[in-house]
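Source file final_12.pdb; content: PDB, C-alpha atoms (C1' of nucleotides).
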ATOM      1  CA  MET A   1     181.253 221.886  81.539
ATOM      2  CA  LYS A   2     181.822 219.041  83.923
ATOM      3  CA  HIS A   3     185.547 219.361  83.575
ATOM      4  CA  VAL A   4     186.309 216.135  85.289
ATOM      5  CA  LYS A   5     187.874 213.813  82.758
ATOM      6  CA  THR A   6     185.299 214.056  80.016
ATOM      7  CA  ARG A   7     184.739 211.469  77.342
ATOM      8  CA  PRO A   8     184.421 212.570  73.746
ATOM      9  CA  ALA A   9     181.009 213.084  72.177
ATOM     10  CA  GLY A  10     180.383 211.039  69.039
ATOM     11  CA  ARG A  11     178.562 207.749  68.712
ATOM     12  CA  LYS A  12     179.055 204.791  70.933
ATOM     13  CA  THR A  13     180.045 202.194  68.344
ATOM     14  CA  PRO A  14     183.727 201.351  68.579
ATOM     15  CA  PRO A  15     186.059 202.653  65.865
ATOM     16  CA  SER A  16     185.739 200.328  62.907
ATOM     17  CA  GLY A  17     188.554 199.662  60.446
ATOM     18  CA  THR A  18     190.890 202.336  61.628
ATOM     19  CA  CYS A  19     192.680 203.298  58.474
ATOM     20  CA  CYS A  20     194.411 202.842  55.200
ATOM     21  CA  GLN A  21     197.386 200.811  54.094
ATOM     22  CA  THR A  22     200.076 203.229  53.118
ATOM     23  CA  VAL A  23     201.212 203.733  56.638
ATOM     24  CA  HIS A  24     204.789 204.771  57.188
ATOM     25  CA  GLU A  25     205.412 202.174  59.863
ATOM     26  CA  ASP A  26     208.733 203.507  61.055
ATOM     27  CA  GLN A  27     207.421 207.003  61.638
ATOM     28  CA  VAL A  28     204.241 205.781  63.247
ATOM     29  CA  LEU A  29     206.167 203.646  65.706
ATOM     30  CA  ARG A  30     208.645 206.386  66.453
ATOM     31  CA  VAL A  31     205.980 208.988  67.156
ATOM     32  CA  ARG A  32     203.947 206.523  69.174
ATOM     33  CA  GLU A  33     206.880 205.929  71.480
ATOM     34  CA  ASP A  34     207.839 209.550  71.715
ATOM     35  CA  LEU A  35     204.356 210.850  72.514
ATOM     36  CA  PRO A  36     203.671 211.849  76.145
ATOM     37  CA  PRO A  37     201.565 209.356  78.107
ATOM     38  CA  GLU A  38     197.838 209.291  77.468
ATOM     39  CA  GLU A  39     196.996 210.856  80.806
ATOM     40  CA  ILE A  40     199.274 213.821  80.320
ATOM     41  CA  LEU A  41     197.720 214.481  76.935
ATOM     42  CA  TYR A  42     194.329 214.282  78.554
ATOM     43  CA  ASP A  43     195.290 216.873  81.120
ATOM     44  CA  LEU A  44     196.758 219.033  78.400
ATOM     45  CA  ALA A  45     193.544 219.012  76.393
ATOM     46  CA  ASP A  46     191.570 219.720  79.555
ATOM     47  CA  PHE A  47     193.865 222.568  80.416
ATOM     48  CA  PHE A  48     193.312 224.297  77.095
ATOM     49  CA  LYS A  49     189.619 223.482  77.165
ATOM     50  CA  ALA A  50     189.248 225.454  80.367
ATOM     51  CA  LEU A  51     190.702 228.469  78.563
ATOM     52  CA  GLY A  52     188.507 227.988  75.529
ATOM     53  CA  ASP A  53     185.443 229.966  76.473
ATOM     54  CA  MET A  54     184.641 233.634  76.071
ATOM     55  CA  THR A  55     183.305 234.104  79.600
ATOM     56  CA  ARG A  56     186.241 232.376  81.226
ATOM     57  CA  VAL A  57     188.752 234.243  79.098
ATOM     58  CA  LYS A  58     187.162 237.521  80.105
ATOM     59  CA  ILE A  59     187.220 236.542  83.759
ATOM     60  CA  LEU A  60     190.866 235.560  83.596
ATOM     61  CA  GLU A  61     191.889 238.637  81.644
ATOM     62  CA  SER A  62     190.071 240.753  84.229
ATOM     63  CA  LEU A  63     191.764 239.020  87.132
ATOM     64  CA  ARG A  64     195.134 239.602  85.487
ATOM     65  CA  ARG A  65     194.497 243.216  86.394
ATOM     66  CA  GLY A  66     193.871 242.510  90.054
ATOM     67  CA  GLU A  67     191.660 240.818  92.590
ATOM     68  CA  LEU A  68     187.933 241.188  91.981
ATOM     69  CA  CYS A  69     184.743 240.005  93.654
ATOM     70  CA  VAL A  70     181.962 238.143  91.866
ATOM     71  CA  CYS A  71     179.913 241.318  91.659
ATOM     72  CA  ASP A  72     182.670 243.229  89.980
ATOM     73  CA  LEU A  73     183.236 240.468  87.478
ATOM     74  CA  ALA A  74     179.534 240.281  86.675
ATOM     75  CA  ALA A  75     179.491 244.034  86.124
ATOM     76  CA  ILE A  76     182.601 243.947  83.945
ATOM     77  CA  LEU A  77     181.318 241.096  81.799
ATOM     78  CA  GLY A  78     177.744 242.303  81.733
ATOM     79  CA  ALA A  79     176.721 238.826  82.834
ATOM     80  CA  SER A  80     174.610 237.482  85.682
ATOM     81  CA  ALA A  81     176.321 236.752  88.983
ATOM     82  CA  SER A  82     175.086 233.196  88.625
ATOM     83  CA  ALA A  83     176.718 232.638  85.265
ATOM     84  CA  VAL A  84     179.955 234.112  86.561
ATOM     85  CA  SER A  85     179.820 231.993  89.684
ATOM     86  CA  HIS A  86     179.362 228.827  87.659
ATOM     87  CA  GLN A  87     182.368 229.634  85.521
ATOM     88  CA  LEU A  88     184.425 230.598  88.549
ATOM     89  CA  LYS A  89     183.745 227.189  89.972
ATOM     90  CA  ILE A  90     185.195 225.578  86.867
ATOM     91  CA  LEU A  91     188.226 227.837  87.030
ATOM     92  CA  ARG A  92     188.635 227.040  90.721
ATOM     93  CA  LEU A  93     188.497 223.290  90.132
ATOM     94  CA  SER A  94     191.018 223.652  87.325
ATOM     95  CA  ASN A  95     193.295 225.592  89.654
ATOM     96  CA  PHE A  96     193.283 228.724  87.556
ATOM     97  CA  VAL A  97     191.977 230.954  90.331
ATOM     98  CA  LYS A  98     191.925 231.188  94.108
ATOM     99  CA  VAL A  99     189.325 232.745  96.389
ATOM    100  CA  ARG A 100     189.492 234.891  99.464
ATOM    101  CA  LYS A 101     186.284 235.351 101.415
ATOM    102  CA  ALA A 102     185.716 238.620 103.210
ATOM    103  CA  GLY A 103     182.352 239.467 104.671
ATOM    104  CA  LYS A 104     179.655 238.593 102.234
ATOM    105  CA  SER A 105     181.976 238.870  99.266
ATOM    106  CA  ALA A 106     184.308 236.409  97.579
ATOM    107  CA  TYR A 107     187.409 237.887  96.061
ATOM    108  CA  TYR A 108     189.013 235.970  93.226
ATOM    109  CA  ARG A 109     192.546 236.174  91.892
ATOM    110  CA  LEU A 110     194.735 234.190  89.485
ATOM    111  CA  SER A 111     196.438 231.176  91.066
ATOM    112  CA  ASP A 112     199.898 231.963  89.782
ATOM    113  CA  SER A 113     201.842 233.876  87.182
ATOM    114  CA  HIS A 114     201.931 230.815  84.964
ATOM    115  CA  VAL A 115     198.321 231.356  84.001
ATOM    116  CA  SER A 116     198.988 234.967  83.233
ATOM    117  CA  ASP A 117     201.942 233.975  81.063
ATOM    118  CA  ILE A 118     199.918 231.564  78.990
ATOM    119  CA  LEU A 119     197.220 234.147  78.418
ATOM    120  CA  GLU A 120     199.836 236.683  77.398
ATOM    121  CA  ARG A 121     201.353 234.188  75.008
ATOM    122  CA  GLY A 122     197.970 233.384  73.527
ATOM    123  CA  LEU A 123     197.187 237.044  73.082
ATOM    124  CA  ASP A 124     200.445 237.599  71.245
ATOM    125  CA  HIS A 125     199.684 234.747  68.915
ATOM    126  CA  VAL A 126     196.146 235.885  68.211
ATOM    127  CA  GLN A 127     197.117 239.492  67.598
ATOM    128  CA  GLU A 128     200.130 238.877  65.409
ATOM    129  CA  ASP A 129     198.112 237.267  62.634
ATOM    130  CA  LEU A 130     196.284 240.521  62.010
TER     131      LEU A 130
ATOM    132  CA  MET B   1     183.010 222.047  66.087
ATOM    133  CA  LYS B   2     182.012 224.747  63.667
ATOM    134  CA  HIS B   3     184.843 226.954  64.787
ATOM    135  CA  VAL B   4     183.633 230.009  63.024
ATOM    136  CA  LYS B   5     182.710 232.577  65.610
ATOM    137  CA  THR B   6     180.440 230.500  67.796
ATOM    138  CA  ARG B   7     177.785 231.867  70.080
ATOM    139  CA  PRO B   8     177.528 230.565  73.628
ATOM    140  CA  ALA B   9     175.087 227.780  74.476
ATOM    141  CA  GLY B  10     172.629 228.672  77.227
ATOM    142  CA  ARG B  11     169.072 229.877  76.936
ATOM    143  CA  LYS B  12     167.949 232.577  74.600
ATOM    144  CA  THR B  13     166.377 234.967  77.096
ATOM    145  CA  PRO B  14     168.518 238.066  77.587
ATOM    146  CA  PRO B  15     170.484 238.397  80.828
ATOM    147  CA  SER B  16     168.107 239.701  83.471
ATOM    148  CA  GLY B  17     169.207 241.864  86.408
ATOM    149  CA  THR B  18     172.914 241.500  85.866
ATOM    150  CA  CYS B  19     174.249 241.750  89.369
ATOM    151  CA  CYS B  20     174.526 242.957  92.896
ATOM    152  CA  GLN B  21     175.107 246.385  94.405
ATOM    153  CA  THR B  22     178.437 246.325  96.149
ATOM    154  CA  VAL B  23     180.349 246.916  92.981
ATOM    155  CA  HIS B  24     183.732 248.545  93.293
ATOM    156  CA  GLU B  25     183.027 251.081  90.588
ATOM    157  CA  ASP B  26     186.535 252.391  90.223
ATOM    158  CA  GLN B  27     188.032 248.954  89.673
ATOM    159  CA  VAL B  28     185.257 247.897  87.347
ATOM    160  CA  LEU B  29     185.755 250.943  85.176
ATOM    161  CA  ARG B  30     189.509 250.602  85.203
ATOM    162  CA  VAL B  31     189.431 246.931  84.171
ATOM    163  CA  ARG B  32     186.784 247.592  81.584
ATOM    164  CA  GLU B  33     188.980 250.153  79.885
ATOM    165  CA  ASP B  34     192.103 248.098  80.148
ATOM    166  CA  LEU B  35     190.613 244.882  78.768
ATOM    167  CA  PRO B  36     191.511 243.961  75.165
ATOM    168  CA  PRO B  37     188.753 244.581  72.616
ATOM    169  CA  GLU B  38     185.888 242.123  72.468
ATOM    170  CA  GLU B  39     186.995 240.654  69.170
ATOM    171  CA  ILE B  40     190.491 239.899  70.357
ATOM    172  CA  LEU B  41     189.097 238.124  73.397
ATOM    173  CA  TYR B  42     186.848 236.159  71.105
ATOM    174  CA  ASP B  43     189.786 235.058  69.010
ATOM    175  CA  LEU B  44     191.713 234.199  72.134
ATOM    176  CA  ALA B  45     188.952 231.940  73.431
ATOM    177  CA  ASP B  46     188.648 230.359  70.012
ATOM    178  CA  PHE B  47     192.362 229.807  69.858
ATOM    179  CA  PHE B  48     192.402 227.886  73.125
ATOM    180  CA  LYS B  49     189.217 226.072  72.241
ATOM    181  CA  ALA B  50     190.892 224.603  69.194
ATOM    182  CA  LEU B  51     193.569 223.169  71.470
ATOM    183  CA  GLY B  52     191.055 221.847  73.955
ATOM    184  CA  ASP B  53     190.329 218.413  72.548
ATOM    185  CA  MET B  54     192.081 215.118  73.054
ATOM    186  CA  THR B  55     192.147 214.170  69.379
ATOM    187  CA  ARG B  56     193.466 217.522  68.264
ATOM    188  CA  VAL B  57     196.070 217.610  71.003
ATOM    189  CA  LYS B  58     197.295 214.191  69.934
ATOM    190  CA  ILE B  59     197.441 215.261  66.323
ATOM    191  CA  LEU B  60     199.401 218.390  67.143
ATOM    192  CA  GLU B  61     201.765 216.607  69.493
ATOM    193  CA  SER B  62     202.367 214.030  66.768
ATOM    194  CA  LEU B  63     203.045 216.683  64.157
ATOM    195  CA  ARG B  64     205.542 218.326  66.481
ATOM    196  CA  ARG B  65     207.644 215.264  65.757
ATOM    197  CA  GLY B  66     207.476 215.721  62.000
ATOM    198  CA  GLU B  67     205.296 215.728  58.934
ATOM    199  CA  LEU B  68     202.700 212.933  58.782
ATOM    200  CA  CYS B  69     199.973 211.835  56.400
ATOM    201  CA  VAL B  70     196.359 211.265  57.414
ATOM    202  CA  CYS B  71     196.914 207.511  57.431
ATOM    203  CA  ASP B  72     199.837 207.779  59.796
ATOM    204  CA  LEU B  73     197.907 209.998  62.149
ATOM    205  CA  ALA B  74     194.954 207.644  62.154
ATOM    206  CA  ALA B  75     197.277 204.767  62.960
ATOM    207  CA  ILE B  76     199.015 206.695  65.728
ATOM    208  CA  LEU B  77     195.779 207.810  67.326
ATOM    209  CA  GLY B  78     193.962 204.554  66.752
ATOM    210  CA  ALA B  79     191.165 206.581  65.203
ATOM    211  CA  SER B  80     189.348 206.423  61.882
ATOM    212  CA  ALA B  81     190.769 208.359  58.966
ATOM    213  CA  SER B  82     187.461 210.172  58.790
ATOM    214  CA  ALA B  83     187.590 211.397  62.362
ATOM    215  CA  VAL B  84     191.173 212.527  61.871
ATOM    216  CA  SER B  85     190.318 214.281  58.642
ATOM    217  CA  HIS B  86     187.473 216.166  60.284
ATOM    218  CA  GLN B  87     189.742 217.371  63.057
ATOM    219  CA  LEU B  88     192.492 218.258  60.610
ATOM    220  CA  LYS B  89     190.035 220.474  58.817
ATOM    221  CA  ILE B  90     189.397 222.380  62.026
ATOM    222  CA  LEU B  91     193.106 222.710  62.662
ATOM    223  CA  ARG B  92     193.633 223.872  59.086
ATOM    224  CA  LEU B  93     190.926 226.526  59.352
ATOM    225  CA  SER B  94     192.427 227.701  62.630
ATOM    226  CA  ASN B  95     195.832 227.942  60.972
ATOM    227  CA  PHE B  96     197.450 225.420  63.264
ATOM    228  CA  VAL B  97     198.552 223.125  60.452
ATOM    229  CA  LYS B  98     199.436 223.233  56.771
ATOM    230  CA  VAL B  99     199.056 220.545  54.134
ATOM    231  CA  ARG B 100     201.218 219.292  51.336
ATOM    232  CA  LYS B 101     199.594 217.000  48.800
ATOM    233  CA  ALA B 102     201.706 214.327  47.185
ATOM    234  CA  GLY B 103     200.152 211.631  45.102
ATOM    235  CA  LYS B 104     197.118 210.287  46.861
ATOM    236  CA  SER B 105     198.356 211.346  50.257
ATOM    237  CA  ALA B 106     198.071 214.576  52.207
ATOM    238  CA  TYR B 107     200.995 215.391  54.454
ATOM    239  CA  TYR B 108     200.307 217.651  57.390
ATOM    240  CA  ARG B 109     202.715 219.718  59.451
ATOM    241  CA  LEU B 110     202.503 222.444  62.098
ATOM    242  CA  SER B 111     202.076 225.939  60.678
ATOM    243  CA  ASP B 112     204.832 227.530  62.700
ATOM    244  CA  SER B 113     206.972 227.153  65.786
ATOM    245  CA  HIS B 114     204.559 229.321  67.724
ATOM    246  CA  VAL B 115     202.097 226.471  67.966
ATOM    247  CA  SER B 116     204.818 224.147  69.133
ATOM    248  CA  ASP B 117     205.846 226.651  71.781
ATOM    249  CA  ILE B 118     202.375 226.951  73.206
ATOM    250  CA  LEU B 119     202.005 223.195  73.405
ATOM    251  CA  GLU B 120     205.356 222.940  75.137
ATOM    252  CA  ARG B 121     204.324 225.619  77.571
ATOM    253  CA  GLY B 122     201.037 223.886  78.274
ATOM    254  CA  LEU B 123     202.793 220.584  78.829
ATOM    255  CA  ASP B 124     205.142 222.167  81.335
ATOM    256  CA  HIS B 125     202.224 223.618  83.225
ATOM    257  CA  VAL B 126     200.266 220.377  83.271
ATOM    258  CA  GLN B 127     203.215 218.281  84.347
ATOM    259  CA  GLU B 128     204.549 220.554  87.047
ATOM    260  CA  ASP B 129     201.454 220.227  89.206
ATOM    261  CA  LEU B 130     202.109 216.530  89.724
TER     262      LEU B 130
ATOM    263  C1'  DT C   1     165.963 236.916 115.692
ATOM    264  C1'  DC C   2     164.567 238.779 111.181
ATOM    265  C1'  DC C   3     166.206 240.730 106.778
ATOM    266  C1'  DA C   4     168.757 241.990 102.914
ATOM    267  C1'  DT C   5     172.617 241.034 100.146
ATOM    268  C1'  DA C   6     176.443 238.162  98.066
ATOM    269  C1'  DT C   7     177.483 233.685  96.462
ATOM    270  C1'  DA C   8     176.922 228.936  95.322
ATOM    271  C1'  DT C   9     174.588 225.288  93.129
ATOM    272  C1'  DG C  10     171.159 221.907  91.009
ATOM    273  C1'  DA C  11     167.840 221.286  87.230
ATOM    274  C1'  DA C  12     166.241 222.354  82.793
ATOM    275  C1'  DC C  13     167.149 223.241  78.273
ATOM    276  C1'  DA C  14     169.096 225.378  73.982
ATOM    277  C1'  DT C  15     173.281 224.778  71.559
ATOM    278  C1'  DA C  16     177.765 223.215  70.366
ATOM    279  C1'  DT C  17     180.765 219.447  69.359
ATOM    280  C1'  DG C  18     182.949 215.002  67.865
ATOM    281  C1'  DT C  19     182.436 210.538  65.866
ATOM    282  C1'  DT C  20     180.398 207.213  62.685
ATOM    283  C1'  DC C  21     178.502 206.158  58.194
ATOM    284  C1'  DA C  22     177.768 206.982  53.509
ATOM    285  C1'  DT C  23     179.551 209.295  49.648
ATOM    286  C1'  DA C  24     182.078 212.379  46.781
ATOM    287  C1'  DT C  25     186.601 213.662  44.786
ATOM    288  C1'  DA C  26     191.323 213.018  43.306
ATOM    289  C1'  DT C  27     195.193 210.385  41.848
ATOM    290  C1'  DG C  28     198.000 206.553  40.076
ATOM    291  C1'  DG C  29     198.128 202.232  37.767
ATOM    292  C1'  DA C  30     196.572 198.579  34.663
TER     293       DA C  30
ATOM    294  C1'  DT D   1     188.800 203.937  30.684
ATOM    295  C1'  DC D   2     188.105 201.198  34.918
ATOM    296  C1'  DC D   3     189.643 200.378  39.693
ATOM    297  C1'  DA D   4     191.565 200.714  44.114
ATOM    298  C1'  DT D   5     193.179 203.698  47.579
ATOM    299  C1'  DA D   6     193.651 208.168  50.225
ATOM    300  C1'  DT D   7     191.127 212.071  51.650
ATOM    301  C1'  DA D   8     187.361 215.141  52.303
ATOM    302  C1'  DT D   9     182.832 216.151  53.698
ATOM    303  C1'  DG D  10     177.668 216.252  54.788
ATOM    304  C1'  DA D  11     174.091 214.197  57.735
ATOM    305  C1'  DA D  12     172.731 211.974  61.817
ATOM    306  C1'  DC D  13     173.043 211.535  66.493
ATOM    307  C1'  DA D  14     174.976 210.886  71.243
ATOM    308  C1'  DT D  15     177.101 213.898  74.423
ATOM    309  C1'  DA D  16     179.050 217.928  76.418
ATOM    310  C1'  DT D  17     178.527 222.628  77.729
ATOM    311  C1'  DG D  18     176.876 227.280  79.246
ATOM    312  C1'  DT D  19     173.154 230.155  80.712
ATOM    313  C1'  DT D  20     168.840 231.054  83.121
ATOM    314  C1'  DC D  21     165.830 230.252  87.037
ATOM    315  C1'  DA D  22     164.855 228.817  91.506
ATOM    316  C1'  DT D  23     166.870 227.994  95.812
ATOM    317  C1'  DA D  24     170.117 227.139  99.408
ATOM    318  C1'  DT D  25     173.813 229.026 102.390
ATOM    319  C1'  DA D  26     176.463 232.531 104.762
ATOM    320  C1'  DT D  27     177.244 236.950 106.745
ATOM    321  C1'  DG D  28     176.401 241.570 108.660
ATOM    322  C1'  DG D  29     173.151 244.757 110.516
ATOM    323  C1'  DA D  30     168.956 246.298 112.879
TER     324       DA D  30
END
Whole structure, structure tokens version:
Amino acid sequence: MKHVKTRPAGRKTPPSGTCCQTVHEDQVLRVREDLPPEEILYDLADFFKALGDMTRVKILESLRRGELCVCDLAAILGASASAVSHQLKILRLSNFVKVRKAGKSAYYRLSDSHVSDILERGLDHVQEDL
Amino acid sequence: MKHVKTRPAGRKTPPSGTCCQTVHEDQVLRVREDLPPEEILYDLADFFKALGDMTRVKILESLRRGELCVCDLAAILGASASAVSHQLKILRLSNFVKVRKAGKSAYYRLSDSHVSDILERGLDHVQEDL
DNA sequence: TCCATATATGAACATATGTTCATATATGGA
DNA sequence: TCCATATATGAACATATGTTCATATATGGA
């Protein structure tokens, strides 16, 4: 995951005839005006995308319980230190986590309580439907 | 996006020597016990993944402002009705939106206020860092 | 200075994902 | 019954993404 302003997949050809005819013009215009600016929406999608991976979710949920070094995380996830390190880099660049280096180890922690809140909220949502 | 319990990308070979030696056993065990069950974490990642795409974010943000048909959405996004329909299917299967069919049109709306809340929360987070 | 260990990172590659295009399906009207 | 329009959906394909492997870098100890 490059995680630096990605472009969508799909083909390269530009969107052809966009759509149909029965468009409710008033509503379309209203929503178009009311929608947050393109860039904000881009950041929003990127924000959620960073949370949308099993490994990263596990890392974040682990860090909610306290500071941990790469080794610990690898052990907890049952993953290679390399895989964890790659994902930590993404989380670092997205400002989800911070590092503290001590000796040969690197201790990671959540950046702020905001992240923890969103995870909590997501967990509630996911669990309530069951 | 298949969005039905996906498996990670990566190679097929099983994870080799997982990690290092300086593991803080106590913490690792504690976190391991405290972590939500695997399946819940899977759902959580999937939940965020569904929100992690520009087109879907635009659709959801549009629907926060009221019910809209596929045509309207295509017009608002400047995308093809087909692309929108494909993404709406994903959102439907993930229970983010509901449909109401009337005549030849299909009117979509957010499933519940929960979704709207999460989007709001995400927006706050994304905007505050600027 | 030489080693071992903890992390970080680039390349390769198997998969996952999103859009376009071609069709199928459904509905209302003539 | 025949058509046009709105959606839905499968296949193809260009990209994006995550893991493994091979190395590079940093640090502490002998």
Exercise for the section: Evaluate the PyMOL selection byres ((chain C and resi 2-14) around 10) on the structure here and hand back the selected residues as a PyMOL selection string. Expected result: (chain A and resi 69-71+81-82+85-86+89+103-106) or (chain B and resi 8-12+19-22) or (chain C and resi 1+15-16) or (chain D and resi 18-30)
To test the calculation: enclose all listed atoms of segment 4-17 of chain D in a box whose edges run along x, y and z, add 5 Å on each side, then state centre and edge lengths in Å to one decimal, as AutoDock Vina command-line options.
--center_x 183.2 --center_y 211.7 --center_z 60.9 --size_x 30.9 --size_y 31.9 --size_z 43.6
Fill in the blank from the handout: Taken to one decimal, the atom CA of Leu60 of chain A-atom CA of Asp72 of chain A distance is 12.9 Å
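Between atom CA of Arg109 of chain A and atom CA of Leu93 of chain A there is a distance of 13.6 Å.
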Practice task
Quote the spacing between atom CA of Leu68 of chain B and atom CA of Leu119 of chain B in Å to one decimal place.
Solution key: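 Pair atom CA of Leu68 of chain B / atom CA of Leu119 of chain B returns 17.9 Å.
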Please, which residues in chain A fall within 8 Å of chain B when counting only C-alpha atoms, and what is the closest atom pair and distance in Å to one decimal for each, ordered by chain then residue number, as JSON lines?
{"residue": "A:Pro15", "atom": "CA", "partner": "B:Ser80", "partner_atom": "CA", "distance": 6.4}
{"residue": "A:Ser16", "atom": "CA", "partner": "B:Ser80", "partner_atom": "CA", "distance": 7.2}
{"residue": "A:Gly17", "atom": "CA", "partner": "B:Ser80", "partner_atom": "CA", "distance": 7.0}
{"residue": "A:Thr18", "atom": "CA", "partner": "B:Ser80", "partner_atom": "CA", "distance": 4.4}
{"residue": "A:Cys19", "atom": "CA", "partner": "B:Ala81", "partner_atom": "CA", "distance": 5.4}
{"residue": "A:Cys20", "atom": "CA", "partner": "B:Cys71", "partner_atom": "CA", "distance": 5.7}
{"residue": "A:Gln21", "atom": "CA", "partner": "B:Cys71", "partner_atom": "CA", "distance": 7.5}
{"residue": "A:Thr22", "atom": "CA", "partner": "B:Cys71", "partner_atom": "CA", "distance": 6.9}
{"residue": "A:Val23", "atom": "CA", "partner": "B:Asp72", "partner_atom": "CA", "distance": 5.3}
{"residue": "A:His24", "atom": "CA", "partner": "B:Asp72", "partner_atom": "CA", "distance": 6.4}
{"residue": "A:Glu25", "atom": "CA", "partner": "B:Asp72", "partner_atom": "CA", "distance": 7.9}
{"residue": "A:Gln27", "atom": "CA", "partner": "B:Asp72", "partner_atom": "CA", "distance": 7.8}
{"residue": "A:Val28", "atom": "CA", "partner": "B:Ile76", "partner_atom": "CA", "distance": 5.9}
{"residue": "A:Leu29", "atom": "CA", "partner": "B:Ile76", "partner_atom": "CA", "distance": 7.8}
{"residue": "A:Val31", "atom": "CA", "partner": "B:Ser62", "partner_atom": "CA", "distance": 6.2}
{"residue": "A:Arg32", "atom": "CA", "partner": "B:Ile76", "partner_atom": "CA", "distance": 6.0}
{"residue": "A:Leu35", "atom": "CA", "partner": "B:Ser62", "partner_atom": "CA", "distance": 6.9}
{"residue": "A:Ile40", "atom": "CA", "partner": "B:Gln127", "partner_atom": "CA", "distance": 7.2}
{"residue": "A:Leu41", "atom": "CA", "partner": "B:Met54", "partner_atom": "CA", "distance": 6.9}
{"residue": "A:Tyr42", "atom": "CA", "partner": "B:Met54", "partner_atom": "CA", "distance": 6.0}
{"residue": "A:Asp43", "atom": "CA", "partner": "B:Val126", "partner_atom": "CA", "distance": 6.5}
{"residue": "A:Leu44", "atom": "CA", "partner": "B:Val126", "partner_atom": "CA", "distance": 6.2}
{"residue": "A:Ala45", "atom": "CA", "partner": "B:Gly52", "partner_atom": "CA", "distance": 4.5}
{"residue": "A:Asp46", "atom": "CA", "partner": "B:Gly52", "partner_atom": "CA", "distance": 6.0}
{"residue": "A:Phe47", "atom": "CA", "partner": "B:Gly52", "partner_atom": "CA", "distance": 7.1}
{"residue": "A:Phe48", "atom": "CA", "partner": "B:Gly52", "partner_atom": "CA", "distance": 4.6}
{"residue": "A:Lys49", "atom": "CA", "partner": "B:Gly52", "partner_atom": "CA", "distance": 3.9}
{"residue": "A:Ala50", "atom": "CA", "partner": "B:Gly52", "partner_atom": "CA", "distance": 7.6}
{"residue": "A:Leu51", "atom": "CA", "partner": "B:Phe48", "partner_atom": "CA", "distance": 5.7}
{"residue": "A:Gly52", "atom": "CA", "partner": "B:Lys49", "partner_atom": "CA", "distance": 3.9}
{"residue": "A:Asp53", "atom": "CA", "partner": "B:Ala45", "partner_atom": "CA", "distance": 5.0}
{"residue": "A:Met54", "atom": "CA", "partner": "B:Ala45", "partner_atom": "CA", "distance": 5.3}
{"residue": "A:Val57", "atom": "CA", "partner": "B:Ala45", "partner_atom": "CA", "distance": 6.1}
{"residue": "A:Lys58", "atom": "CA", "partner": "B:Leu41", "partner_atom": "CA", "distance": 7.0}
{"residue": "A:Glu61", "atom": "CA", "partner": "B:Leu35", "partner_atom": "CA", "distance": 7.0}
{"residue": "A:Ser62", "atom": "CA", "partner": "B:Val31", "partner_atom": "CA", "distance": 6.2}
{"residue": "A:Arg65", "atom": "CA", "partner": "B:Val31", "partner_atom": "CA", "distance": 6.7}
{"residue": "A:Cys71", "atom": "CA", "partner": "B:Cys20", "partner_atom": "CA", "distance": 5.8}
{"residue": "A:Asp72", "atom": "CA", "partner": "B:Val23", "partner_atom": "CA", "distance": 5.3}
{"residue": "A:Leu73", "atom": "CA", "partner": "B:Val28", "partner_atom": "CA", "distance": 7.7}
{"residue": "A:Ala74", "atom": "CA", "partner": "B:Cys19", "partner_atom": "CA", "distance": 6.1}
{"residue": "A:Ala75", "atom": "CA", "partner": "B:Cys19", "partner_atom": "CA", "distance": 6.6}
{"residue": "A:Ile76", "atom": "CA", "partner": "B:Val28", "partner_atom": "CA", "distance": 5.9}
{"residue": "A:Gly78", "atom": "CA", "partner": "B:Thr18", "partner_atom": "CA", "distance": 6.4}
{"residue": "A:Ala79", "atom": "CA", "partner": "B:Thr18", "partner_atom": "CA", "distance": 5.6}
{"residue": "A:Ser80", "atom": "CA", "partner": "B:Thr18", "partner_atom": "CA", "distance": 4.4}
{"residue": "A:Ala81", "atom": "CA", "partner": "B:Cys19", "partner_atom": "CA", "distance": 5.4}
{"residue": "A:His114", "atom": "CA", "partner": "B:His125", "partner_atom": "CA", "distance": 7.4}
{"residue": "A:Ile118", "atom": "CA", "partner": "B:Arg121", "partner_atom": "CA", "distance": 7.5}
{"residue": "A:Arg121", "atom": "CA", "partner": "B:Ile118", "partner_atom": "CA", "distance": 7.5}
{"residue": "A:Gly122", "atom": "CA", "partner": "B:Leu44", "partner_atom": "CA", "distance": 6.5}
{"residue": "A:Leu123", "atom": "CA", "partner": "B:Leu44", "partner_atom": "CA", "distance": 6.2}
{"residue": "A:His125", "atom": "CA", "partner": "B:His114", "partner_atom": "CA", "distance": 7.4}
{"residue": "A:Val126", "atom": "CA", "partner": "B:Leu44", "partner_atom": "CA", "distance": 6.2}
{"residue": "A:Gln127", "atom": "CA", "partner": "B:Ile40", "partner_atom": "CA", "distance": 7.2}
Handout entry: Counting all atoms listed in the file, the residue of A:Ala102, A:Leu91, A:Val97, A:Ile59 that sits nearest chain C
Key = A:Ala102
Practice task
Pick out the closest residue to chain C from this set: A:Ser113, A:Ser94, A:Val99, A:Pro37. Count all atoms listed in the file.
Solution key: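 Result for the nearest residue to chain C: A:Val99.
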